[in-house]
$ cat final.pdb   # PDB, C-alpha atoms and all ligand atoms
ATOM      1  CA  MET A 695    -100.336-126.500-174.633
ATOM      2  CA  LYS A 696    -102.401-129.448-175.877
ATOM      3  CA  ARG A 697    -103.647-128.862-179.464
ATOM      4  CA  PRO A 698    -106.636-131.120-180.220
ATOM      5  CA  MET A 699    -107.769-128.624-182.896
ATOM      6  CA  ARG A 700    -104.998-129.861-185.220
ATOM      7  CA  LEU A 701    -106.960-133.017-185.932
ATOM      8  CA  ARG A 702    -110.214-131.127-186.454
ATOM      9  CA  GLN A 703    -109.028-128.625-189.057
ATOM     10  CA  ASN A 704    -110.626-130.084-192.197
ATOM     11  CA  ARG A 705    -113.091-132.754-193.240
ATOM     12  CA  LEU A 706    -110.536-135.349-194.321
ATOM     13  CA  MET A 707    -108.613-134.913-191.083
ATOM     14  CA  ARG A 708    -111.850-135.331-189.105
ATOM     15  CA  ASP A 709    -112.820-138.386-191.152
ATOM     16  CA  LEU A 710    -109.453-139.945-190.381
ATOM     17  CA  VAL A 711    -110.025-139.878-186.642
ATOM     18  CA  ALA A 712    -113.808-140.411-186.638
ATOM     19  CA  GLU A 713    -114.843-143.303-184.405
ATOM     20  CA  ALA A 714    -118.594-143.573-184.526
ATOM     21  CA  ARG A 715    -120.646-144.395-187.603
ATOM     22  CA  PHE A 716    -123.387-146.867-188.432
ATOM     23  CA  THR A 717    -123.203-148.932-191.562
ATOM     24  CA  ARG A 718    -126.370-148.997-193.701
ATOM     25  CA  GLY A 719    -126.962-152.595-192.689
ATOM     26  CA  GLN A 720    -127.443-151.486-189.080
ATOM     27  CA  LEU A 721    -130.321-149.092-189.795
ATOM     28  CA  LEU A 722    -133.934-150.311-189.810
ATOM     29  CA  GLN A 723    -136.637-148.523-191.792
ATOM     30  CA  PRO A 724    -140.159-148.630-190.271
ATOM     31  CA  LEU A 725    -143.113-149.264-192.614
ATOM     32  CA  PHE A 726    -146.846-148.882-191.968
ATOM     33  CA  ALA A 727    -149.074-151.311-193.873
ATOM     34  CA  VAL A 728    -152.660-150.137-193.513
ATOM     35  CA  GLU A 729    -155.681-152.188-194.492
ATOM     36  CA  GLY A 730    -158.562-150.563-196.338
ATOM     37  CA  ILE A 731    -156.965-147.361-197.644
ATOM     38  CA  ALA A 732    -156.697-146.529-201.337
ATOM     39  CA  ALA A 733    -153.662-144.238-201.383
ATOM     40  CA  ASP A 734    -150.700-143.194-199.234
ATOM     41  CA  GLN A 735    -151.531-141.042-196.221
ATOM     42  CA  PRO A 736    -148.764-138.814-194.861
ATOM     43  CA  ILE A 737    -147.917-138.845-191.143
ATOM     44  CA  THR A 738    -147.187-135.541-189.439
ATOM     45  CA  GLY A 739    -143.452-135.111-188.932
ATOM     46  CA  LEU A 740    -142.335-138.423-190.438
ATOM     47  CA  GLY A 741    -141.361-137.168-193.898
ATOM     48  CA  GLU A 742    -141.479-139.945-196.476
ATOM     49  CA  THR A 743    -142.771-142.593-194.079
ATOM     50  CA  ALA A 744    -146.490-142.812-194.815
ATOM     51  CA  ARG A 745    -149.458-145.057-194.065
ATOM     52  CA  GLN A 746    -149.594-147.234-197.158
ATOM     53  CA  PRO A 747    -151.805-149.736-198.945
ATOM     54  CA  LEU A 748    -150.029-152.933-199.982
ATOM     55  CA  ASP A 749    -149.357-152.131-203.649
ATOM     56  CA  SER A 750    -147.683-148.828-202.936
ATOM     57  CA  LEU A 751    -145.841-150.315-199.955
ATOM     58  CA  LEU A 752    -144.282-152.901-202.277
ATOM     59  CA  LYS A 753    -143.167-150.146-204.657
ATOM     60  CA  ARG A 754    -141.716-148.177-201.769
ATOM     61  CA  ILE A 755    -139.735-151.187-200.569
ATOM     62  CA  GLY A 756    -138.384-151.684-204.074
ATOM     63  CA  ALA A 757    -137.162-148.085-204.105
ATOM     64  CA  ASP A 758    -135.735-148.449-200.604
ATOM     65  CA  LEU A 759    -133.732-151.504-201.637
ATOM     66  CA  GLU A 760    -132.273-149.457-204.503
ATOM     67  CA  ALA A 761    -131.332-146.832-201.924
ATOM     68  CA  GLY A 762    -129.435-149.452-199.945
ATOM     69  CA  VAL A 763    -131.937-150.231-197.166
ATOM     70  CA  THR A 764    -131.911-153.916-196.207
ATOM     71  CA  GLN A 765    -133.642-153.952-192.813
ATOM     72  CA  PHE A 766    -137.318-153.114-192.319
ATOM     73  CA  LEU A 767    -139.613-153.009-189.308
ATOM     74  CA  LEU A 768    -143.209-153.595-190.363
ATOM     75  CA  PHE A 769    -146.244-152.276-188.481
ATOM     76  CA  PRO A 770    -149.401-153.987-189.741
ATOM     77  CA  VAL A 771    -152.512-151.870-189.127
ATOM     78  CA  PRO A 772    -155.656-153.932-189.786
ATOM     79  CA  GLY A 773    -158.946-152.282-190.692
ATOM     80  CA  THR A 774    -161.108-154.035-188.133
ATOM     81  CA  LYS A 775    -160.482-154.079-184.395
ATOM     82  CA  GLY A 776    -161.800-156.147-181.521
ATOM     83  CA  GLU A 777    -161.465-156.995-177.842
ATOM     84  CA  SER A 778    -159.675-160.363-178.179
ATOM     85  CA  GLY A 779    -159.307-163.348-180.497
ATOM     86  CA  PHE A 780    -157.377-161.394-183.107
ATOM     87  CA  ARG A 781    -157.050-162.721-186.614
ATOM     88  CA  PRO A 782    -153.664-161.881-188.055
ATOM     89  CA  ASP A 783    -154.819-162.443-191.671
ATOM     90  CA  PHE A 784    -153.994-158.960-192.929
ATOM     91  CA  ALA A 785    -150.522-158.981-191.366
ATOM     92  CA  ALA A 786    -149.796-162.497-192.630
ATOM     93  CA  LYS A 787    -150.854-161.585-196.166
ATOM     94  CA  THR A 788    -148.706-158.436-196.115
ATOM     95  CA  ILE A 789    -145.667-160.322-194.811
ATOM     96  CA  GLY A 790    -146.170-163.085-197.357
ATOM     97  CA  GLU A 791    -146.417-160.627-200.265
ATOM     98  CA  ILE A 792    -143.298-158.735-199.193
ATOM     99  CA  LYS A 793    -141.246-161.910-198.823
ATOM    100  CA  LYS A 794    -142.596-163.373-202.060
ATOM    101  CA  ARG A 795    -141.521-160.270-203.928
ATOM    102  CA  PHE A 796    -138.190-159.541-202.251
ATOM    103  CA  GLY A 797    -137.122-162.809-200.589
ATOM    104  CA  SER A 798    -133.732-162.697-198.948
ATOM    105  CA  ASP A 799    -132.848-159.240-200.319
ATOM    106  CA  LEU A 800    -134.208-157.855-197.063
ATOM    107  CA  LEU A 801    -134.786-158.746-193.431
ATOM    108  CA  LEU A 802    -138.362-158.159-192.380
ATOM    109  CA  TRP A 803    -138.859-157.592-188.656
ATOM    110  CA  VAL A 804    -142.477-157.425-187.579
ATOM    111  CA  ASP A 805    -143.669-155.338-184.647
ATOM    112  CA  THR A 806    -145.724-157.627-182.455
ATOM    113  CA  CYS A 807    -148.226-155.851-180.246
ATOM    114  CA  LEU A 808    -151.965-155.603-179.730
ATOM    115  CA  CYS A 809    -152.484-151.824-179.672
ATOM    116  CA  SER A 810    -153.222-151.545-183.419
ATOM    117  CA  LEU A 811    -155.615-154.494-183.147
ATOM    118  CA  THR A 812    -157.664-153.700-180.053
ATOM    119  CA  SER A 813    -160.719-151.457-180.157
ATOM    120  CA  HIS A 814    -159.479-149.698-176.970
ATOM    121  CA  GLY A 815    -155.921-149.155-178.231
ATOM    122  CA  HIS A 816    -154.129-150.769-175.284
ATOM    123  CA  CYS A 817    -151.246-153.211-175.771
ATOM    124  CA  GLY A 818    -153.060-156.025-173.944
ATOM    125  CA  VAL A 819    -156.499-157.519-173.448
ATOM    126  CA  PHE A 820    -158.697-157.007-170.388
ATOM    127  CA  HIS A 821    -160.733-159.363-168.231
ATOM    128  CA  ALA A 822    -164.297-158.940-169.493
ATOM    129  CA  LYS A 823    -166.025-160.241-166.375
ATOM    130  CA  GLY A 824    -165.460-161.685-162.925
ATOM    131  CA  ALA A 825    -163.526-160.301-159.975
ATOM    132  CA  HIS A 826    -160.823-158.823-162.220
ATOM    133  CA  ALA A 827    -163.136-157.238-164.801
ATOM    134  CA  GLY A 828    -161.480-154.199-166.354
ATOM    135  CA  GLN A 829    -157.966-155.280-165.362
ATOM    136  CA  LEU A 830    -155.321-156.449-167.829
ATOM    137  CA  ASP A 831    -155.539-160.183-168.439
ATOM    138  CA  LEU A 832    -151.856-161.085-168.644
ATOM    139  CA  GLU A 833    -152.321-164.726-169.467
ATOM    140  CA  ALA A 834    -154.712-164.021-172.326
ATOM    141  CA  THR A 835    -152.467-161.193-173.530
ATOM    142  CA  ARG A 836    -149.415-163.453-173.673
ATOM    143  CA  ALA A 837    -151.424-166.104-175.519
ATOM    144  CA  GLU A 838    -152.599-163.563-178.129
ATOM    145  CA  LEU A 839    -149.056-162.226-178.604
ATOM    146  CA  ALA A 840    -147.606-165.719-178.920
ATOM    147  CA  ASN A 841    -150.230-166.573-181.511
ATOM    148  CA  LEU A 842    -149.471-163.431-183.540
ATOM    149  CA  ALA A 843    -145.731-164.124-183.383
ATOM    150  CA  LYS A 844    -146.218-167.676-184.596
ATOM    151  CA  THR A 845    -148.411-166.549-187.495
ATOM    152  CA  TYR A 846    -146.049-163.733-188.513
ATOM    153  CA  ALA A 847    -143.032-166.034-188.447
ATOM    154  CA  ALA A 848    -144.853-168.768-190.342
ATOM    155  CA  ALA A 849    -145.860-166.157-192.970
ATOM    156  CA  GLY A 850    -142.187-165.368-193.536
ATOM    157  CA  ALA A 851    -141.175-162.724-190.999
ATOM    158  CA  ASP A 852    -137.415-162.843-190.469
ATOM    159  CA  GLY A 853    -137.750-161.677-186.882
ATOM    160  CA  ILE A 854    -140.329-160.880-184.221
ATOM    161  CA  SER A 855    -140.261-157.545-182.368
ATOM    162  CA  PRO A 856    -142.549-157.499-179.308
ATOM    163  CA  SER A 857    -143.302-153.913-178.226
ATOM    164  CA  ASP A 858    -146.106-154.458-175.710
ATOM    165  CA  MET A 859    -144.140-154.525-172.399
ATOM    166  CA  MET A 860    -146.367-157.185-170.813
ATOM    167  CA  ASP A 861    -144.587-159.302-168.171
ATOM    168  CA  GLY A 862    -143.338-162.608-169.508
ATOM    169  CA  ARG A 863    -144.164-162.024-173.140
ATOM    170  CA  VAL A 864    -140.726-162.861-174.540
ATOM    171  CA  ALA A 865    -140.736-166.266-172.833
ATOM    172  CA  ALA A 866    -144.249-166.941-174.147
ATOM    173  CA  ILE A 867    -143.293-165.936-177.690
ATOM    174  CA  ARG A 868    -140.047-167.933-177.619
ATOM    175  CA  SER A 869    -141.762-171.089-176.511
ATOM    176  CA  ALA A 870    -144.578-170.657-179.060
ATOM    177  CA  LEU A 871    -142.046-170.208-181.861
ATOM    178  CA  ASP A 872    -139.963-173.168-180.742
ATOM    179  CA  GLY A 873    -143.069-175.325-180.370
ATOM    180  CA  ALA A 874    -144.093-174.498-183.935
ATOM    181  CA  GLY A 875    -140.757-175.478-185.448
ATOM    182  CA  LEU A 876    -139.729-171.825-185.783
ATOM    183  CA  GLY A 877    -136.666-172.077-183.594
ATOM    184  CA  GLU A 878    -134.515-170.115-186.033
ATOM    185  CA  THR A 879    -136.664-166.963-185.828
ATOM    186  CA  PRO A 880    -134.933-164.338-183.664
ATOM    187  CA  ILE A 881    -136.648-162.001-181.211
ATOM    188  CA  MET A 882    -135.728-158.325-181.241
ATOM    189  CA  SER A 883    -137.341-157.199-178.022
ATOM    190  CA  TYR A 884    -138.364-153.659-177.215
ATOM    191  CA  SER A 885    -136.757-154.566-173.926
ATOM    192  CA  THR A 886    -136.380-151.175-172.243
ATOM    193  CA  LYS A 887    -139.416-149.231-173.356
ATOM    194  CA  PHE A 888    -140.519-146.189-171.424
ATOM    195  CA  SER A 889    -143.894-144.608-171.103
ATOM    196  CA  SER A 890    -143.249-141.504-173.189
ATOM    197  CA  CYS A 891    -144.661-138.345-174.726
ATOM    198  CA  PHE A 892    -142.597-138.959-177.841
ATOM    199  CA  TYR A 893    -144.806-141.606-179.498
ATOM    200  CA  GLY A 894    -147.399-139.089-180.737
ATOM    201  CA  PRO A 895    -146.943-139.223-184.535
ATOM    202  CA  PHE A 896    -146.682-143.026-184.394
ATOM    203  CA  ARG A 897    -149.974-143.462-182.595
ATOM    204  CA  GLU A 898    -151.642-141.401-185.295
ATOM    205  CA  ALA A 899    -149.981-143.613-187.934
ATOM    206  CA  ALA A 900    -150.759-146.932-186.249
ATOM    207  CA  ASP A 901    -154.188-145.839-185.101
ATOM    208  CA  SER A 902    -153.159-147.088-181.669
ATOM    209  CA  ALA A 903    -153.703-144.289-179.147
ATOM    210  CA  PRO A 904    -155.385-145.687-176.005
ATOM    211  CA  LYS A 905    -159.074-144.707-175.908
ATOM    212  CA  PHE A 906    -158.950-144.424-172.104
ATOM    213  CA  GLY A 907    -156.144-144.011-169.566
ATOM    214  CA  ASP A 908    -152.499-144.344-170.581
ATOM    215  CA  ARG A 909    -149.760-146.986-170.784
ATOM    216  CA  LYS A 910    -148.095-146.225-167.450
ATOM    217  CA  ALA A 911    -149.217-149.516-165.885
ATOM    218  CA  TYR A 912    -147.051-151.507-168.284
ATOM    219  CA  GLN A 913    -144.400-149.223-169.799
ATOM    220  CA  ILE A 914    -141.399-148.111-167.703
ATOM    221  CA  ASP A 915    -141.361-144.857-165.708
ATOM    222  CA  ALA A 916    -138.736-142.513-167.208
ATOM    223  CA  ARG A 917    -137.409-141.759-163.722
ATOM    224  CA  ASN A 918    -136.311-145.339-163.091
ATOM    225  CA  ARG A 919    -132.877-146.541-164.117
ATOM    226  CA  THR A 920    -132.888-149.805-162.169
ATOM    227  CA  ASP A 921    -136.238-150.930-163.540
ATOM    228  CA  ALA A 922    -135.065-149.931-167.036
ATOM    229  CA  ILE A 923    -131.945-152.110-166.912
ATOM    230  CA  GLU A 924    -133.718-155.017-165.202
ATOM    231  CA  SER A 925    -136.366-155.019-167.899
ATOM    232  CA  SER A 926    -133.755-155.730-170.573
ATOM    233  CA  VAL A 927    -132.004-158.285-168.361
ATOM    234  CA  ARG A 928    -135.314-160.156-167.990
ATOM    235  CA  CYS A 929    -135.914-160.099-171.736
ATOM    236  CA  ALA A 930    -132.440-161.541-172.307
ATOM    237  CA  GLU A 931    -133.100-164.286-169.762
ATOM    238  CA  GLU A 932    -136.433-165.074-171.412
ATOM    239  CA  GLY A 933    -134.704-165.594-174.744
ATOM    240  CA  ALA A 934    -134.537-162.250-176.572
ATOM    241  CA  ASP A 935    -131.680-162.213-179.085
ATOM    242  CA  LEU A 936    -131.540-158.451-179.589
ATOM    243  CA  LEU A 937    -132.370-155.761-177.051
ATOM    244  CA  MET A 938    -133.480-152.163-177.515
ATOM    245  CA  VAL A 939    -133.941-148.881-175.703
ATOM    246  CA  LYS A 940    -136.894-146.671-176.589
ATOM    247  CA  PRO A 941    -137.321-143.714-176.957
ATOM    248  CA  GLY A 942    -133.717-143.799-178.127
ATOM    249  CA  MET A 943    -132.621-140.194-177.762
ATOM    250  CA  THR A 944    -133.756-139.976-174.156
ATOM    251  CA  SER A 945    -132.242-143.372-173.246
ATOM    252  CA  ILE A 946    -128.679-143.289-174.555
ATOM    253  CA  ASP A 947    -127.319-143.490-170.995
ATOM    254  CA  LEU A 948    -128.732-147.026-170.693
ATOM    255  CA  ILE A 949    -127.274-148.636-173.793
ATOM    256  CA  LEU A 950    -123.867-149.600-172.413
ATOM    257  CA  PRO A 951    -125.075-150.679-168.961
ATOM    258  CA  ILE A 952    -127.607-152.996-170.621
ATOM    259  CA  HIS A 953    -124.994-154.412-172.959
ATOM    260  CA  GLU A 954    -122.630-154.991-170.053
ATOM    261  CA  ALA A 955    -125.333-156.643-167.972
ATOM    262  CA  THR A 956    -126.505-159.006-170.732
ATOM    263  CA  GLY A 957    -123.760-159.431-173.336
ATOM    264  CA  LYS A 958    -126.473-158.944-175.991
ATOM    265  CA  PRO A 959    -126.496-156.464-178.876
ATOM    266  CA  VAL A 960    -128.444-153.374-177.791
ATOM    267  CA  GLY A 961    -130.074-151.125-180.355
ATOM    268  CA  ALA A 962    -132.130-147.950-180.088
ATOM    269  CA  TYR A 963    -135.353-146.678-181.604
ATOM    270  CA  GLN A 964    -135.280-143.033-182.670
ATOM    271  CA  VAL A 965    -139.024-142.749-182.155
ATOM    272  CA  SER A 966    -141.578-140.778-184.105
ATOM    273  CA  GLY A 967    -141.655-137.739-181.822
ATOM    274  CA  GLU A 968    -137.872-137.534-181.769
ATOM    275  CA  TYR A 969    -137.627-137.824-185.542
ATOM    276  CA  ALA A 970    -140.496-135.367-186.029
ATOM    277  CA  SER A 971    -138.719-132.839-183.811
ATOM    278  CA  LEU A 972    -135.945-132.737-186.412
ATOM    279  CA  THR A 973    -138.285-132.436-189.410
ATOM    280  CA  LEU A 974    -140.290-129.675-187.721
ATOM    281  CA  LEU A 975    -137.172-127.737-186.716
ATOM    282  CA  ALA A 976    -135.991-128.015-190.305
ATOM    283  CA  GLU A 977    -139.374-126.841-191.622
ATOM    284  CA  LYS A 978    -139.032-123.725-189.476
ATOM    285  CA  GLY A 979    -135.547-123.156-190.849
ATOM    286  CA  LEU A 980    -133.906-123.719-187.458
ATOM    287  CA  VAL A 981    -131.667-126.684-188.403
ATOM    288  CA  SER A 982    -130.303-128.398-191.473
ATOM    289  CA  PHE A 983    -132.244-131.651-191.469
ATOM    290  CA  ASP A 984    -129.452-133.812-192.877
ATOM    291  CA  ASP A 985    -126.833-132.451-190.490
ATOM    292  CA  ALA A 986    -129.143-132.803-187.504
ATOM    293  CA  LEU A 987    -130.051-136.386-188.430
ATOM    294  CA  LEU A 988    -126.413-137.391-188.860
ATOM    295  CA  GLU A 989    -125.537-135.772-185.542
ATOM    296  CA  THR A 990    -128.157-137.803-183.709
ATOM    297  CA  TRP A 991    -126.998-141.021-185.408
ATOM    298  CA  ALA A 992    -123.394-140.348-184.426
ATOM    299  CA  VAL A 993    -124.507-139.918-180.825
ATOM    300  CA  PHE A 994    -126.371-143.246-180.851
ATOM    301  CA  LYS A 995    -123.284-144.986-182.174
ATOM    302  CA  ARG A 996    -121.007-143.191-179.720
ATOM    303  CA  ALA A 997    -123.303-144.332-176.914
ATOM    304  CA  GLY A 998    -122.791-147.940-178.020
ATOM    305  CA  ALA A 999    -125.940-148.710-180.035
ATOM    306  CA  GLN A1000    -125.406-151.758-182.235
ATOM    307  CA  TYR A1001    -128.344-150.931-184.515
ATOM    308  CA  LEU A1002    -130.849-148.118-184.936
ATOM    309  CA  ILE A1003    -134.496-147.996-185.931
ATOM    310  CA  THR A1004    -135.067-144.632-187.598
ATOM    311  CA  TYR A1005    -137.589-143.152-190.019
ATOM    312  CA  GLY A1006    -134.551-141.748-191.848
ATOM    313  CA  ALA A1007    -132.919-145.095-192.693
ATOM    314  CA  ARG A1008    -133.786-144.604-196.360
ATOM    315  CA  HIS A1009    -131.652-141.436-196.419
ATOM    316  CA  ALA A1010    -128.510-143.204-195.224
ATOM    317  CA  LYS A1011    -126.926-143.801-198.620
ATOM    318  CA  ARG A1012    -127.613-140.242-199.751
ATOM    319  CA  LEU A1013    -125.987-139.055-196.525
ATOM    320  CA  GLY A1014    -122.827-141.017-197.268
ATOM    321  CA  LEU A1015    -123.326-144.081-195.065
TER     322      LEU A1015
HETATM  323  C1  LIG A1101    -146.706-150.164-180.043
HETATM  324  C2  LIG A1101    -145.563-149.304-180.410
HETATM  325  C3  LIG A1101    -145.374-147.937-180.164
HETATM  326  C4  LIG A1101    -144.212-147.586-180.845
HETATM  327  C5  LIG A1101    -143.697-148.739-181.442
HETATM  328  N1  LIG A1101    -144.537-149.791-181.159
HETATM  329  C6  LIG A1101    -146.222-146.931-179.478
HETATM  330  C7  LIG A1101    -146.635-147.057-178.089
HETATM  331  O1  LIG A1101    -146.092-147.847-177.305
HETATM  332  O2  LIG A1101    -147.579-146.353-177.752
HETATM  333  C8  LIG A1101    -143.664-146.190-180.931
HETATM  334  C9  LIG A1101    -142.794-145.912-182.119
HETATM  335  C10 LIG A1101    -142.601-144.476-182.423
HETATM  336  O3  LIG A1101    -143.102-143.571-181.727
HETATM  337  O4  LIG A1101    -141.930-144.216-183.427
HETATM  338  N2  LIG A1101    -146.747-150.717-178.819
END
$ encode --input "final.pdb" --output "structure tokens" --more "lines below"
Ligand code: PBG
Amino acid sequence: MKRPMRLRQNRLMRDLVAEARFTRGQLLQPLFAVEGIAADQPITGLGETARQPLDSLLKRIGADLEAGVTQFLLFPVPGTKGESGFRPDFAAKTIGEIKKRFGSDLLLWVDTCLCSLTSHGHCGVFHAKGAHAGQLDLEATRAELANLAKTYAAAGADGISPSDMMDGRVAAIRSALDGAGLGETPIMSYSTKFSSCFYGPFREAADSAPKFGDRKAYQIDARNRTDAIESSVRCAEEGADLLMVKPGMTSIDLILPIHEATGKPVGAYQVSGEYASLTLLAEKGLVSFDDALLETWAVFKRAGAQYLITYGARHAKRLGL
């Protein structure tokens, strides 16, 4: 009889043969910088990740660094919105302050999208008039994204993370960065991003829910594997340095195929709805939060994820990582 249970009999034995574990340096902590609020505002289901004004955000980052977090993904949420011609002043100021205070102690990745900036909450801009009025204006969208990326990088962002899913945006961003002498700034692309029900708490936090329609015309259909892999392949060809699947927990089957097709590091985003499902289960007494979180992280690693964006990154040290 085969006896695999021998190597599972106690914790030290299990640790000896454990294969899959992230290091703390592979976990990214999301942050929401919100313009025009006076105090932290909690986000349903996201635990200690709140909407924050700059001063308290800086304190939070200081505490996170003490807790061993070194990688952050910043979502700037400006107070005023528009249709086009976005001014990235608030984001640039926030990035500048963070880098001034913490310098090279951290890597600051900045989510680059339009949905927190537009009055309609979509990730692109629309033709205002003419034959295509009301349709997405791809060229203008790419120009806006490229401009944001350039400003963020010039303000000190260590990396640009485009999450909009507009065709050709990585190429546009890469060439804008290169043209501005920012050739060293890497792009972490949300390269395989599905249209999903699991972004709910985030949209509340980023004030980015679409005011009409949905995002199905630009995000990937969850039924489509081929489209999902091709999307990451295209991002790699356009110059993305790091790729990502999102939502992570419902996309673990795609991590290895994308890595094999591109040779690039592929990470995952444990998105707000996925993370919130764990906090809400724990609130109802149905799971141990820490155990459930560690289980999901082990699965991401087992599936081949090189890095993970998770609202629980700041718990990693406490959890023994
Ligand atoms: C913006 C963006 C979204 C997320 C990250 N960047 C939401 C969306 O596409 O609607 C989701 C992150 C999360 O749910 O944790 N484009």
$ closest_atom_pairs --input "final.pdb" --of "chain A" --to "ligand LIG 1101 (chain A)" --cutoff "10 Å" --atoms "only C-alpha atoms and all ligand atoms" --output "tab-separated table"
residue	atom	partner	partner_atom	distance
A:Pro724	CA	A:LIG1101	O4	8.3
A:Leu740	CA	A:LIG1101	O4	9.1
A:Leu767	CA	A:LIG1101	C5	9.8
A:Phe769	CA	A:LIG1101	N1	7.9
A:Asp805	CA	A:LIG1101	N1	6.6
A:Thr806	CA	A:LIG1101	N2	7.9
A:Cys807	CA	A:LIG1101	N2	5.5
A:Leu808	CA	A:LIG1101	N2	7.2
A:Cys809	CA	A:LIG1101	N2	5.9
A:Ser810	CA	A:LIG1101	C1	7.5
A:Gly815	CA	A:LIG1101	O2	8.8
A:His816	CA	A:LIG1101	N2	8.2
A:Cys817	CA	A:LIG1101	N2	6.0
A:Gly818	CA	A:LIG1101	N2	9.6
A:Ser855	CA	A:LIG1101	N1	8.9
A:Pro856	CA	A:LIG1101	N2	8.0
A:Ser857	CA	A:LIG1101	N2	4.7
A:Asp858	CA	A:LIG1101	N2	4.9
A:Met859	CA	A:LIG1101	N2	7.9
A:Tyr884	CA	A:LIG1101	N1	8.3
A:Lys887	CA	A:LIG1101	O1	7.9
A:Phe888	CA	A:LIG1101	O1	8.3
A:Ser889	CA	A:LIG1101	O1	7.3
A:Ser890	CA	A:LIG1101	O2	7.9
A:Cys891	CA	A:LIG1101	O3	8.9
A:Phe892	CA	A:LIG1101	O3	6.1
A:Tyr893	CA	A:LIG1101	O3	3.4
A:Gly894	CA	A:LIG1101	O3	6.3
A:Pro895	CA	A:LIG1101	O3	6.4
A:Phe896	CA	A:LIG1101	O3	4.5
A:Arg897	CA	A:LIG1101	C6	6.0
A:Glu898	CA	A:LIG1101	O3	9.5
A:Ala899	CA	A:LIG1101	O4	9.2
A:Ala900	CA	A:LIG1101	C1	8.1
A:Asp901	CA	A:LIG1101	C6	9.8
A:Ser902	CA	A:LIG1101	O2	6.9
A:Ala903	CA	A:LIG1101	O2	6.6
A:Pro904	CA	A:LIG1101	O2	8.0
A:Asp908	CA	A:LIG1101	O2	8.9
A:Arg909	CA	A:LIG1101	O2	7.3
A:Tyr912	CA	A:LIG1101	O1	9.8
A:Gln913	CA	A:LIG1101	O1	7.8
A:Lys940	CA	A:LIG1101	C8	8.1
A:Pro941	CA	A:LIG1101	O3	7.5
A:Gly942	CA	A:LIG1101	O4	9.8
A:Tyr963	CA	A:LIG1101	O4	7.3
A:Gln964	CA	A:LIG1101	O4	6.8
A:Val965	CA	A:LIG1101	O4	3.5
A:Ser966	CA	A:LIG1101	O4	3.5
A:Gly967	CA	A:LIG1101	O3	6.0
A:Glu968	CA	A:LIG1101	O3	8.0
A:Tyr969	CA	A:LIG1101	O4	8.0
A:Ala970	CA	A:LIG1101	O4	9.3
A:Ile1003	CA	A:LIG1101	O4	8.7
A:Thr1004	CA	A:LIG1101	O4	8.0
A:Tyr1005	CA	A:LIG1101	O4	8.0
$ resolve_selection --input "final.pdb" --expression "the PyMOL selection byres (((chain A and resi 718) around 10) and not hetatm)" --output "PDB file with C-alpha atoms, in the coordinates of the input"
ATOM      1  CA  ARG A 715    -120.646-144.395-187.603  1.00  0.00           C
ATOM      2  CA  PHE A 716    -123.387-146.867-188.432  1.00  0.00           C
ATOM      3  CA  THR A 717    -123.203-148.932-191.562  1.00  0.00           C
ATOM      4  CA  GLY A 719    -126.962-152.595-192.689  1.00  0.00           C
ATOM      5  CA  GLN A 720    -127.443-151.486-189.080  1.00  0.00           C
ATOM      6  CA  LEU A 721    -130.321-149.092-189.795  1.00  0.00           C
ATOM      7  CA  LEU A 722    -133.934-150.311-189.810  1.00  0.00           C
ATOM      8  CA  ALA A 761    -131.332-146.832-201.924  1.00  0.00           C
ATOM      9  CA  GLY A 762    -129.435-149.452-199.945  1.00  0.00           C
ATOM     10  CA  VAL A 763    -131.937-150.231-197.166  1.00  0.00           C
ATOM     11  CA  THR A 764    -131.911-153.916-196.207  1.00  0.00           C
ATOM     12  CA  GLN A 765    -133.642-153.952-192.813  1.00  0.00           C
ATOM     13  CA  TYR A1001    -128.344-150.931-184.515  1.00  0.00           C
ATOM     14  CA  LEU A1002    -130.849-148.118-184.936  1.00  0.00           C
ATOM     15  CA  ALA A1007    -132.919-145.095-192.693  1.00  0.00           C
ATOM     16  CA  ARG A1008    -133.786-144.604-196.360  1.00  0.00           C
ATOM     17  CA  HIS A1009    -131.652-141.436-196.419  1.00  0.00           C
ATOM     18  CA  ALA A1010    -128.510-143.204-195.224  1.00  0.00           C
ATOM     19  CA  LYS A1011    -126.926-143.801-198.620  1.00  0.00           C
ATOM     20  CA  GLY A1014    -122.827-141.017-197.268  1.00  0.00           C
ATOM     21  CA  LEU A1015    -123.326-144.081-195.065  1.00  0.00           C
TER      22      LEU A1015
END
$ resolve_selection --input "final.pdb" --expression "the PyMOL selection byres (((chain A and resi 950) around 12) and not hetatm)" --output "PyMOL selection string"
chain A and resi 923+926+937-939+945-949+951-962+994-1000
$ closest_residue --input "final.pdb" --among "A:Ser925, A:Leu725, A:Ala870, A:Asp799" --to "Ile737 in chain A" --atoms "only C-alpha atoms"
A:Leu725
$ resolve_selection --input "final.pdb" --expression "the PyMOL selection byres (((chain A and resi 803) around 7) and not hetatm)" --output "PDB file with C-alpha atoms, in the frame of the given file"
ATOM      1  CA  PHE A 766    -137.318-153.114-192.319  1.00  0.00           C
ATOM      2  CA  LEU A 767    -139.613-153.009-189.308  1.00  0.00           C
ATOM      3  CA  LEU A 768    -143.209-153.595-190.363  1.00  0.00           C
ATOM      4  CA  LEU A 801    -134.786-158.746-193.431  1.00  0.00           C
ATOM      5  CA  LEU A 802    -138.362-158.159-192.380  1.00  0.00           C
ATOM      6  CA  VAL A 804    -142.477-157.425-187.579  1.00  0.00           C
ATOM      7  CA  ASP A 805    -143.669-155.338-184.647  1.00  0.00           C
ATOM      8  CA  ALA A 851    -141.175-162.724-190.999  1.00  0.00           C
ATOM      9  CA  ASP A 852    -137.415-162.843-190.469  1.00  0.00           C
ATOM     10  CA  GLY A 853    -137.750-161.677-186.882  1.00  0.00           C
ATOM     11  CA  ILE A 854    -140.329-160.880-184.221  1.00  0.00           C
ATOM     12  CA  SER A 855    -140.261-157.545-182.368  1.00  0.00           C
TER      13      SER A 855
END
